[in-house]
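Structure record follows, encoded as structure tokens.
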Number of protein chains: 2
Amino acid sequence: MSALLPSRRELDFQLFEVLDAGALAGAPRFADHDRATFDGVLDGAWRLAVERFAPHAALADVEEPQLRGHEVWLPAPTRDALRAAADAGYFAAPFDASLGGLQLPWSVAQAANAVFAAANVGFYGYALLTVGAANLLAAHGSPAQVERYVRPMVAGRWFGTMCLSEPQAGSSLADVRTAAVRAPDGTWRVTGSKMWISGGEHELADNIVHLVLARVSGGPPGVKGLSLFVVPKFRLRDDGTPDPQARNGVRCIGLNHKMGWRGTVNTVLAFGDQGDCVGELVGEEHAGLRIMFHMMNEARIGVGLCATALGCAGYVAALDYARHRPQGRPLGERDPASAPVPILRHADVRRMLLAQKAWVEGALSLVLYCARLVDERRIALDAGDAAAAREHEGLLELLTPVAKSWPSEYCLEANKLAIQVHGGYGYTRDYPVERLYRDNRLNAIHEGTLGIHGLDVLGRKVRQDGGAAFAALGRRIASTVQAAAAEPELAPLARQLGGTFDRLAATTRRLVAAVRDVGPERALANATPYLDALGQVVVAWRWLEQARVALAARPATPGEAAFHAGKRAAARYFFRYELPRVGPTLELLDSLDDTALAMPDDGW
Amino acid sequence: MSALLPSRRELDFQLFEVLDAGALAGAPRFADHDRATFDGVLDGAWRLAVERFAPHAALADVEEPQLRGHEVWLPAPTRDALRAAADAGYFAAPFDASLGGLQLPWSVAQAANAVFAAANVGFYGYALLTVGAANLLAAHGSPAQVERYVRPMVAGRWFGTMCLSEPQAGSSLADVRTAAVRAPDGTWRVTGSKMWISGGEHELADNIVHLVLARVSGGPPGVKGLSLFVVPKFRLRDDGTPDPQARNGVRCIGLNHKMGWRGTVNTVLAFGDQGDCVGELVGEEHAGLRIMFHMMNEARIGVGLCATALGCAGYVAALDYARHRPQGRPLGERDPASAPVPILRHADVRRMLLAQKAWVEGALSLVLYCARLVDERRIALDAGDAAAAREHEGLLELLTPVAKSWPSEYCLEANKLAIQVHGGYGYTRDYPVERLYRDNRLNAIHEGTLGIHGLDVLGRKVRQDGGAAFAALGRRIASTVQAAAAEPELAPLARQLGGTFDRLAATTRRLVAAVRDVGPERALANATPYLDALGQVVVAWRWLEQARVALAARPATPGEAAFHAGKRAAARYFFRYELPRVGPTLELLDSLDDTALAMPDDGW
């Protein structure tokens with residue numbers, strides 16, 4: 001079995017045919033690049049993924065991180081792979097050249113990240129966190145903080161973490177207790193414990209930069225009283241280098257033993273329980289959560305990307321297995337002495353593969369679209385076009401819970417079917433699909449559970465700025481619908497999407513009004529099904545866009561023609577098997593059903 | 001955390017209130033029993049499950065079976081627990097008194113089995129197989145075989161297996177290659193290898209009775225040329241006792257390392273590769289598959305029962321966690337200094353718990369209904385009522401793929417939500433829900449994959465005997481609908497179910513006609529979604545029946561009233577959140593969609 005990566009053809013289609021990423025090189029920010037650079041980024045990611053990441057994915061699952069004293073042991077290939085990725089510029093990819101970055105489009109960097117995550121999500125986790133932490137500090141740190149912390153993270157020499165949750169405060173950040181007190185020298189002393197901290201301790205990097213939410217005295221209770229601190233594992237010398245003798249007062253006091261995604265160590269950290277834990281304030285006091293959202297939003301789409309990548313890997317594995325496993329005969333073949341056929345010939349196997357394709361490539365289209373919005377926002381800001389930047393920002397905020405959640409649900413389902421295609425073999429550890437399924441189960445939990453994102457999208461995002469982002473989404477969907485309606489093959493799909501979006505919009509208005517009329521508890525009781533329905537509509541839109549591009553393509557070879565025909569078939573599948581399921585969900589939402597709320601206490 | 005068992009109140013409701021199992025004591029076969037005996041069976045199962053099964057479920061997951069030479073090492077509590085269950089009569093429960101059995105109703109025995117499976121599915125697996133193998137031999141073995149093999153299995157001293165699959169023949173039994181040749185003494189010599197054999201080697205019992213499908217010379221190719229053999233691990237002395245020195249020529253040559261359900265060892269067996277493997281023919285030559293179906297059908301419902309039990313265990317764990325984990329505040333509570341509430345207060349957690357309740361208790365109702373059909377068939381046969389027996393038999397055949405598959409899908413989904421309710425904790429091995437989820441993933445694969453059952457139900461079961469079984473199902477559903485329609489609370493549900501069944505029946509007729517008109521490949525291309533729709537309708541019926549019984553109950557205490565109110569709420573949930581999803585599926589089926597079939601070869 002070769003490395004389980006999304007096909008290069010697929011990424012090229014998404015990036016360059018659907019999203020026209022090649023055109024980004026025309027923007028001043030990306031002027032040093034062209035299509036050849038972008039291709040080189042992807043080529044290099046493939047090479048590293050095949051050589052350094054994929055070969056150790058099973059190992060990272062079996063050889064779990066171990067806590068030895070307060071140090072964490074990890075399998076040696078972890079460091080090697082990340083070192084190679086950093087040296088090749090994959091941490092630096094999206095950052096400003098002035099910080100040592102390559103100033104590549106976010107969409108191109110994310111496509112490369114999808115390759116790493118598909119190859120070995122456990123290894124990739126460290127890069128995801130480091131780039132996110134560096135991006136936050138680049139945006140919100142003081143010039144001195146940027147200089148000291150961001151540069152080595154961009155170079156991949158230091159890694160980053162995000163320290164939000166505590167044992168008693170997972171989804172509820174209002175209950176964070178970690179405290180920070182200002183010292184005479186202007187630095188802070190941090191005390192408390194943090195839970196679920198990925199990459200919280202290891203020896204993969206020269207330093208670890210923890211971003212820590214904590215309370216300072218005088219702040220309001222709840223999330224509005226949180227401030228953000230940067231806490232290095234090793235304190236810095238005056239020249240900015242970490243001092244291995246000056247261990248800061250942050251210790252790993254436990255590991256979480258996870259069902260999957262084991263390559264990324266998950267830690268319990270104690271701050272300041274034995275010796276001073278010195279931190280620096282990032283931004284203003286009490287503005288911590290707002291600043292942290294910079295990293296959280298990026299990480300949320302990163303989670304969607306990882307879910308997608310795991311789904312892609314499973315699809316590739318299942319397709320390969322189905323092509324090569326002989327078993328059974330076509331229905332209607334009466335001669336039991338005839339040769340067995342590859343199971344790819346069986347209708348139900350084809351249905352399961354097409355479902356996987358529709359889910360994982362739909363998810364990929366969604367997360368890369370979000371990455372493209374990041375690029376568009378940046379270009380608009382650079383051009384001084386505040387209105388356009390605001391629209392991109394709003395859309396991104398609306399789509400973030402969708403891009404986090406929809407892939408987490410449906411690409412897990414894809415991994416489930418990847419096992420099913422393998423039959424009993426898929427349930428054994430001799431094949432990779434059970435591992436992918438275990439890895440992927442995390443994605444509906446971390447960076448905000450599915451339920452939290454349902455409340456976020458329905459309780460906040462569809463309403464904010466008077467519903468501006470939802471309206472902008474509607475305009476973009478309408479634009480695709482209009483273009484597709486002109487093609488006879490796509491006109492029925494266009495009508496279906498247009499009609500479904502109109503129903504979704506009506507339900508959205510009804511629910512927004514209900515928050516006011518019957519209160520948030522009942523109006524938002526089915527926010528998670530709402531998020532699902534919104535996701536189905538958004539992904540249907542991404543599929544119609546893919547089908548439109550595929551239909552317009554002028555393929556030069558039979559292989560190209562088949563690729564585009566496959567895209568159109570997967571779009572059809574999505575519209576026939578998936579999108580109609582939104583109907584009953586919208587009816588349910590319209591009814592403001594309160595069965596679960598009304599359940600009697602002793603009725604369970 | 002106490003043992004994760006379905007509540008006793010729940011089993012009493014299903015068995016005695018819904019299925020009126022108490023009335024079975026009126027049948028001659030069960031005349032030695034009464035409600036007190038049945039209660040004693042359940043009480044004893046609870047005690048054993050709590051003391052002997054549940055405490056070792058996590059151990060059985062971590063301490064996987066090991067192959068040492070050709071012997072299998074298992075954790076010591078495995079043998080202790082099964083020994084205790086056998087000594088208490090839980091293997092003997094359903095068998096004739098003349099064979100040393102307790103002659104209990106199958107439905108009561110299955111309720112007890114649900115308790116064992118919830119407590120520790122890995123341990124229970126051996127009992128499931130042994131009872132199934134003994135039942136087959138009791139029905140199809142010669143008197144001498146019954147005497148020699150069945151009695152020690154009924155006593156739980158010997159265990160059983162079913163040996164169908166081979167490395168090249170999983171779903172496709174037509175390709176079985178294992179061969180048997182008659183020896184001069186009338187016994188047979190079996191050669192070949194078998195794959196995926198649960199309980200294929202261990203030292204838990206004094207002997208292992210393998211039931212082996214193999215080919216004899218002169219038979220037709222395909223499944224019609226299979227014969228069934230009984231192959232003991234140790235050959236028998238003249239007095240019928242196993243001779244530990246006379247090891248038969250069947251060796252364990254490998255173990256499958258599974259994602260879950262690890263307590264039941266899964267083996268690769270070689271027959272006759274080193275030394276003679278002596279077997280006895282069961283029944284006629286070339287009748288092997290038909291006979292094996294006796295055990296397969298029982299095992300299939302057994303798989304549904306295990307899936308259900310795992311779902312129940314997860315629900316119990318999630319409910320317990322939700323009651324005791326404080327986190328967050330009600331929506332609309334503005335004071336962040338107010339005390340956190342148990343997460344059971346949050347609407348989305350309640351929705352996830354109610355979904356689990358609706359799925360697992362719906363599944364339990366279905367599998368116990370099937371067990372009740374086994375009892376009814378037996379009673380009809382004893383009474384000489386061939387027509388009634390035939391109706392029960394037909395219904396059972398129609399419902400077997402549903403009872404196997406629906407719980408395997410939806411109780412896995414329940415386990416997924418049980419993890420979700422636990423948040424990050426649920427993803428760790430410190431809590432049992434991730435294990436339950438891994439265990440349950442097997443159930444859609446073994447004893448016929450989901451796809452195989454789709455083909456079975458749509459390609460065969462709904463059509464056989466001119467659709468008699470489907471018509472009988474329709475009559476029973478109509479009867480519940482009619483009774484429920486008289487209750488104002490249930491009338492809307494009754495109308496909904498009646499209408500949905502009518503649509504399902506129309507789709508069924510259309511698809512049956514399509515097999516003739518457009519051929520089986522296209523007509524059956526969506527057999528798996530058909531199976532799902534049928535399952536949703538059948539489980540909705542079981543919920544309407546539960547709601548009807550709950551509404552009619554005259555509760556003596558507030559706790560009783562709340563229990564019955566909870567049942568009605570869960571029924572409402574099923575009809576509002578689940579049953580409507582059948583609509584789009586039936587539309588899809590009516591369209592004879594062939595998107596997956598038409599996918600171009602290079603389009604993936």
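For the structure tokens, the naming scheme is as follows: chains receive sequential letters (A, B, ...) according to their order of presentation, residues are indexed from 1 within each chain, and ligands are indexed from 1 in presentation order.
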
Check: which chain A residues lie within 7 Å of chain B using only C-alpha atoms, as number ranges by chain: A: 169, 172, 174, 221-222, 256-259, 327-328, 331-332, 336-337, 347-348, 350-351, 354, 420, 423-424, 427-429, 434, 442, 445, 451, 520-521, 525, 559, 562-563, 565-566, 569, 573, 576, 580-581, 584, 588, 595-597, 599-600, 602-604

Hey, what's within 9 Å of Glu361 in chain A if we count only C-alpha atoms and toss same-chain stuff fewer than 4 positions away? As a PyMOL selection string, please? chain A and resi 10+14+308+311-312+356-357+365-366+543+570

In Å, how far is it from CA of Arg460 in chain B to CA of Leu534 in chain B? 14.1 Å

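Residue neighbourhood of range 155-162 of chain A, excluding near-sequence residues (fewer than 5 positions): A:Ala86, A:Phe91, A:Ala92, A:Tyr126, A:Leu129, A:Thr130, A:Ala133, A:Ile197, A:Ser198, A:Gly199, A:Gly200, A:Ala205, A:Asp206, A:Asn207, A:Ile208, A:Val209, A:His210, A:Leu211, A:Val212, at 7 Å, using only C-alpha atoms.
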
Would you please extract all helix (DSSP H, G or I) residues from range 120-366 of chain A, as assigned by DSSP on the backbone, and give them as a ChimeraX atom specification? /A:121-140,143-154,173-175,222-225,288-324,343-345,347-366

Counting only C-alpha atoms, what is within 8 Å of range 39-52 of chain A, bar same-chain residues fewer than 6 positions away, as a ChimeraX atom specification? /A:3,77,80-81,84-85,88,108-109,111-113,115-116,119-120
